[in-house]
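Peer 1: I am sharing target-v7.json, which consists of JSON, C-alpha atoms and all ligand atoms:
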```
[["chain", "number", "residue", "atom", "x", "y", "z"],
["A", 1, "MET", "CA", 0.00, 0.00, 0.00],
["A", 2, "MET", "CA", 2.77, 2.35, 1.08],
["A", 3, "SER", "CA", 4.90, 1.48, -1.93],
["A", 4, "THR", "CA", 1.98, 2.03, -4.30],
["A", 5, "GLN", "CA", 1.54, 5.52, -2.94],
["A", 6, "ILE", "CA", 5.23, 6.25, -3.23],
["A", 7, "ARG", "CA", 5.40, 4.89, -6.76],
["A", 8, "ALA", "CA", 2.66, 7.29, -7.76],
["A", 9, "MET", "CA", 4.72, 10.19, -6.46],
["A", 10, "SER", "CA", 8.03, 9.34, -8.07],
["A", 11, "GLY", "CA", 9.71, 6.50, -9.91],
["A", 12, "LEU", "CA", 12.87, 6.50, -7.85],
["A", 13, "PRO", "CA", 11.67, 5.14, -4.50],
["A", 14, "ALA", "CA", 9.87, 2.38, -6.38],
["A", 15, "ASP", "CA", 13.17, 1.45, -8.00],
["A", 16, "LEU", "CA", 14.81, 1.43, -4.60],
["A", 17, "ALA", "CA", 12.07, -0.79, -3.28],
["A", 18, "LYS", "CA", 12.60, -3.11, -6.24],
["A", 19, "ARG", "CA", 16.34, -3.32, -5.56],
["A", 20, "THR", "CA", 16.18, -3.72, -1.83],
["A", 21, "GLY", "CA", 12.84, -5.46, -1.52],
["A", 22, "ARG", "CA", 11.67, -2.78, 0.88],
["A", 23, "VAL", "CA", 11.97, 0.92, 1.50],
["A", 24, "PRO", "CA", 13.65, 1.74, 4.81],
["A", 25, "LEU", "CA", 11.70, 4.13, 7.02],
["A", 26, "ALA", "CA", 14.55, 6.64, 6.99],
["A", 27, "THR", "CA", 14.33, 6.76, 3.21],
["A", 28, "LEU", "CA", 10.61, 7.35, 3.30],
["A", 29, "LEU", "CA", 11.08, 10.19, 5.76],
["A", 30, "LEU", "CA", 13.87, 11.66, 3.67],
["A", 31, "ILE", "CA", 11.83, 11.45, 0.48],
["A", 32, "SER", "CA", 8.66, 12.85, 1.96],
["A", 33, "GLY", "CA", 10.73, 15.65, 3.48],
["A", 34, "GLN", "CA", 12.16, 16.46, 0.08],
["A", 35, "LEU", "CA", 8.78, 16.37, -1.61],
["A", 36, "CYS", "CA", 7.14, 18.58, 0.97],
["A", 37, "HIS", "CA", 9.84, 21.08, 1.81],
["A", 38, "SER", "CA", 12.76, 21.40, -0.55],
["A", 39, "PRO", "CA", 13.03, 20.05, -4.07],
["A", 40, "ALA", "CA", 15.59, 17.28, -4.52],
["A", 41, "THR", "CA", 18.76, 18.52, -6.17],
["A", 42, "ALA", "CA", 20.19, 17.01, -9.34],
["A", 43, "GLN", "CA", 22.91, 15.40, -7.21],
["A", 44, "ASP", "CA", 20.29, 13.37, -5.36],
["A", 45, "VAL", "CA", 18.92, 11.93, -8.58],
["A", 46, "ASP", "CA", 20.95, 9.35, -10.44],
["A", 47, "GLY", "CA", 21.45, 10.79, -13.92],
["A", 48, "ALA", "CA", 23.18, 7.68, -15.25],
["A", 49, "ARG", "CA", 20.27, 5.53, -14.20],
["A", 50, "LEU", "CA", 17.72, 7.94, -15.68],
["A", 51, "PHE", "CA", 19.68, 8.01, -18.92],
["A", 52, "GLN", "CA", 19.58, 4.22, -19.05],
["A", 53, "GLN", "CA", 15.85, 4.22, -18.43],
["A", 54, "ARG", "CA", 14.75, 7.13, -20.61],
["A", 55, "CYS", "CA", 17.34, 7.64, -23.34],
["A", 56, "ALA", "CA", 19.56, 4.60, -23.87],
["A", 57, "THR", "CA", 17.06, 2.72, -26.04],
["A", 58, "CYS", "CA", 17.73, 5.27, -28.76],
["A", 59, "HIS", "CA", 21.04, 6.90, -27.74],
["A", 60, "SER", "CA", 24.52, 5.63, -26.89],
["A", 61, "VAL", "CA", 27.18, 7.75, -25.18],
["A", 62, "GLU", "CA", 29.84, 5.89, -27.17],
["A", 63, "ALA", "CA", 31.19, 7.80, -30.18],
["A", 64, "GLY", "CA", 30.10, 6.34, -33.50],
["A", 65, "GLN", "CA", 27.33, 4.17, -32.07],
["A", 66, "ASN", "CA", 24.15, 5.54, -33.58],
["A", 67, "LYS", "CA", 20.86, 3.85, -32.73],
["A", 68, "ALA", "CA", 17.44, 5.27, -33.62],
["A", 69, "GLY", "CA", 18.97, 8.55, -32.40],
["A", 70, "PRO", "CA", 22.50, 9.93, -32.85],
["A", 71, "HIS", "CA", 25.23, 9.03, -30.33],
["A", 72, "LEU", "CA", 25.53, 11.61, -27.56],
["A", 73, "SER", "CA", 29.27, 11.39, -26.98],
["A", 74, "GLY", "CA", 30.85, 14.85, -26.98],
["A", 75, "LEU", "CA", 27.39, 16.39, -27.05],
["A", 76, "ILE", "CA", 28.25, 19.53, -25.09],
["A", 77, "GLY", "CA", 29.40, 22.20, -27.53],
["A", 78, "ARG", "CA", 28.25, 20.18, -30.54],
["A", 79, "PRO", "CA", 26.04, 21.84, -33.18],
["A", 80, "ALA", "CA", 22.67, 20.03, -33.48],
["A", 81, "GLY", "CA", 22.13, 17.60, -36.32],
["A", 82, "THR", "CA", 25.79, 17.01, -37.18],
["A", 83, "VAL", "CA", 26.64, 13.40, -36.23],
["A", 84, "GLU", "CA", 27.86, 11.56, -39.29],
["A", 85, "GLY", "CA", 25.73, 8.57, -40.23],
["A", 86, "ALA", "CA", 22.83, 9.57, -37.95],
["A", 87, "THR", "CA", 19.33, 10.04, -39.34],
["A", 88, "TYR", "CA", 18.05, 13.52, -38.60],
["A", 89, "SER", "CA", 14.95, 15.47, -39.46],
["A", 90, "ASN", "CA", 15.46, 18.57, -41.59],
["A", 91, "ALA", "CA", 14.12, 20.47, -38.59],
["A", 92, "MET", "CA", 17.05, 19.31, -36.42],
["A", 93, "ARG", "CA", 19.66, 19.82, -39.13],
["A", 94, "SER", "CA", 18.56, 23.39, -39.73],
["A", 95, "SER", "CA", 17.82, 24.28, -36.09],
["A", 96, "GLY", "CA", 21.02, 26.28, -35.56],
["A", 97, "ILE", "CA", 21.21, 25.00, -31.96],
["A", 98, "THR", "CA", 24.50, 24.31, -30.17],
["A", 99, "TRP", "CA", 24.05, 21.87, -27.30],
["A", 100, "ASP", "CA", 24.88, 23.11, -23.82],
["A", 101, "SER", "CA", 23.18, 22.78, -20.45],
["A", 102, "GLN", "CA", 20.72, 25.57, -21.28],
["A", 103, "THR", "CA", 19.69, 24.44, -24.77],
["A", 104, "LEU", "CA", 19.44, 20.83, -23.55],
["A", 105, "ASP", "CA", 17.20, 21.91, -20.69],
["A", 106, "THR", "CA", 14.85, 23.70, -23.09],
["A", 107, "PHE", "CA", 14.90, 20.85, -25.62],
["A", 108, "LEU", "CA", 14.26, 18.08, -23.11],
["A", 109, "THR", "CA", 11.40, 20.04, -21.53],
["A", 110, "ALA", "CA", 9.46, 19.88, -24.80],
["A", 111, "PRO", "CA", 11.48, 18.81, -27.86],
["A", 112, "GLY", "CA", 8.80, 19.70, -30.41],
["A", 113, "ARG", "CA", 8.32, 23.17, -28.99],
["A", 114, "MET", "CA", 12.00, 24.02, -29.44],
["A", 115, "VAL", "CA", 12.52, 22.15, -32.72],
["A", 116, "GLY", "CA", 9.19, 22.03, -34.55],
["A", 117, "GLY", "CA", 9.07, 18.78, -36.54],
["A", 118, "THR", "CA", 11.82, 16.95, -34.63],
["A", 119, "ARG", "CA", 11.66, 13.17, -34.68],
["A", 120, "MET", "CA", 12.56, 13.00, -31.00],
["A", 121, "THR", "CA", 9.37, 13.08, -29.00],
["A", 122, "VAL", "CA", 10.61, 12.02, -25.55],
["A", 123, "ALA", "CA", 10.23, 14.84, -23.02],
["A", 124, "ILE", "CA", 11.45, 15.01, -19.42],
["A", 125, "PRO", "CA", 9.00, 17.40, -17.76],
["A", 126, "ASN", "CA", 10.59, 17.03, -14.31],
["A", 127, "ALA", "CA", 13.26, 19.75, -13.90],
["A", 128, "THR", "CA", 15.30, 17.79, -11.35],
["A", 129, "GLN", "CA", 15.42, 14.73, -13.56],
["A", 130, "ARG", "CA", 16.37, 16.89, -16.54],
["A", 131, "ALA", "CA", 19.22, 18.49, -14.61],
["A", 132, "ALA", "CA", 20.49, 15.06, -13.52],
["A", 133, "ILE", "CA", 20.46, 13.72, -17.08],
["A", 134, "ILE", "CA", 22.21, 16.85, -18.39],
["A", 135, "GLN", "CA", 24.83, 16.58, -15.65],
["A", 136, "TYR", "CA", 25.40, 12.97, -16.66],
["A", 137, "LEU", "CA", 25.85, 13.97, -20.32],
["A", 138, "GLU", "CA", 28.23, 16.77, -19.30],
["A", 139, "SER", "CA", 30.30, 14.26, -17.34],
["A", 140, "GLN", "CA", 30.88, 12.06, -20.39],
["A", 141, "PRO", "CA", 34.31, 12.39, -21.98],
["A", 142, "ALA", "CA", 34.29, 14.25, -25.30],
["A", 143, "ASP", "CA", 35.21, 12.21, -28.34],
["A", 201, "LIG", "C1", 12.46, 6.75, -29.00],
["A", 201, "LIG", "C2", 13.82, 7.12, -29.31],
["A", 201, "LIG", "C3", 14.45, 8.24, -28.51],
["A", 201, "LIG", "C4", 14.54, 8.37, -27.15],
["A", 201, "LIG", "C5", 13.99, 7.44, -26.08],
["A", 201, "LIG", "C6", 15.31, 9.58, -26.90],
["A", 201, "LIG", "N1", 15.68, 10.15, -28.09],
["A", 201, "LIG", "FE1", 16.87, 11.78, -28.34],
["A", 201, "LIG", "N2", 16.65, 11.63, -30.33],
["A", 201, "LIG", "C7", 15.96, 10.66, -31.01],
["A", 201, "LIG", "C8", 15.96, 10.93, -32.43],
["A", 201, "LIG", "C9", 15.31, 10.09, -33.52],
["A", 201, "LIG", "C10", 16.71, 12.13, -32.59],
["A", 201, "LIG", "C11", 16.91, 12.89, -33.89],
["A", 201, "LIG", "C12", 15.80, 13.93, -33.91],
["A", 201, "LIG", "C13", 15.69, 14.75, -35.17],
["A", 201, "LIG", "O1", 16.55, 14.64, -36.03],
["A", 201, "LIG", "O2", 14.72, 15.51, -35.27],
["A", 201, "LIG", "C14", 17.13, 12.53, -31.26],
["A", 201, "LIG", "C15", 17.90, 13.65, -30.99],
["A", 201, "LIG", "C16", 18.40, 13.99, -29.76],
["A", 201, "LIG", "C17", 19.32, 15.08, -29.52],
["A", 201, "LIG", "C18", 19.96, 15.97, -30.58],
["A", 201, "LIG", "C19", 21.29, 15.32, -30.96],
["A", 201, "LIG", "C20", 22.05, 15.99, -32.05],
["A", 201, "LIG", "O3", 23.03, 15.38, -32.52],
["A", 201, "LIG", "O4", 21.70, 17.11, -32.47],
["A", 201, "LIG", "C21", 19.55, 15.11, -28.18],
["A", 201, "LIG", "C22", 20.44, 16.06, -27.44],
["A", 201, "LIG", "C23", 18.79, 14.04, -27.61],
["A", 201, "LIG", "N3", 18.09, 13.38, -28.59],
["A", 201, "LIG", "C24", 18.77, 13.73, -26.26],
["A", 201, "LIG", "C25", 17.99, 12.74, -25.69],
["A", 201, "LIG", "C26", 17.93, 12.47, -24.28],
["A", 201, "LIG", "C27", 18.76, 13.18, -23.22],
["A", 201, "LIG", "C28", 17.03, 11.47, -24.09],
["A", 201, "LIG", "C29", 16.54, 10.86, -22.81],
["A", 201, "LIG", "C30", 15.92, 11.79, -21.91],
["A", 201, "LIG", "C31", 16.54, 11.08, -25.42],
["A", 201, "LIG", "N4", 17.14, 11.88, -26.34],
["A", 201, "LIG", "C32", 15.63, 10.06, -25.66],
["A", 201, "LIG", "C33", 15.34, 9.56, -30.45],
["A", 201, "LIG", "C34", 15.18, 9.35, -29.09]]
```
Can you turn what I pasted into structure tokens?

Peer 2:
Amino acid sequence: MMSTQIRAMSGLPADLAKRTGRVPLATLLLISGQLCHSPATAQDVDGARLFQQRCATCHSVEAGQNKAGPHLSGLIGRPAGTVEGATYSNAMRSSGITWDSQTLDTFLTAPGRMVGGTRMTVAIPNATQRAAIIQYLESQPAD
């Protein structure tokens, strides 16, 4: 019952419960404290794990490994739509965007709003999760 309620609030505690089989009381108190009083910071959220869950089906962080989406190695500072061998929409190719933490934040909030006609439709509406994913991408070595 408890875990159902928690899962409705956020995916992360449910994952924890899956891993550990139960959610320790201290964790519940910590999480409810964060939800009620101060928003969790990007450091508290595991960007690598979120990337695996939300992005890795279509994106690799290894240079040269394009999937449905272009590889995201060396993404920071890269002009949009320029990975060789990747399939892009004309919208992305001609967007004029250079990827940095700010442009990524705007894009991931609502891809189609920033790049009308983009083929990437996956949005991350949660700002903390977005920040964690962007931090993870920033931490990847450039190619
Ligand atoms: C269902 C597949 C899919 C998923 C899941 C997905 N993407 Fe994409 N992504 C794409 C496709 C396809 C493109 C190319 C879009 C275009 O050309 O319009 C793209 C493009 C991008 C680009 C632009 C890259 C460039 O070279 O200009 C970024 C950045 C990006 N995705 C980040 C992410 C992140 C971060 C996530 C996870 C939160 C994610 N994507 C999840 C399919 C996906």

Peer 1: Pick from A:Thr82, A:Gln43, A:Thr103, A:Gln140: nearest to ligand LIG 201 (chain A), with all atoms listed in the file counted?

Peer 2: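 Checking each candidate against ligand LIG 201 (chain A), we get A:Thr82 as the closest.
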
Peer 1: Give the answer as one residue: which of A:Asp44, A:Ser101, A:Gly112, A:Ala80 has the shortest atom-to-atom distance to ligand LIG 201 (chain A), using all atoms listed in the file?

Peer 2: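 Selected residue with least distance to ligand LIG 201 (chain A): A:Ala80.
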
Peer 1: Rounded to one decimal in Å, what is the spacing between atom CA of Gly117 of chain A and atom C13 of ligand LIG 201 (chain A)?

Peer 2: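 Atom-to-atom, atom CA of Gly117 of chain A and atom C13 of ligand LIG 201 (chain A) are spaced 7.9 Å apart.
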
Peer 1: Please determine, counting only C-alpha atoms, which residue among A:Ala91, A:Leu108, A:Leu75, A:Ala142 has the shortest atom-to-atom distance to Ile124 of chain A.

Peer 2: A:Leu108

Peer 1: Please extract the residues at most 7 Å from ligand LIG 201 (chain A), counting all atoms listed in the file, and provide them as a PyMOL selection string, using the chain letters and residue numbers of this document.

Peer 2: chain A and resi 51+54-59+68-70+72+75+79-83+87-93+99+104+108+117-124+133-134

Peer 1: Just to confirm, what's the straight-line distance from atom CA of Gln52 of chain A to atom CA of Gly85 of chain A in Å (one decimal)?

Peer 2: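 Interatomic distance here is 22.5 Å.
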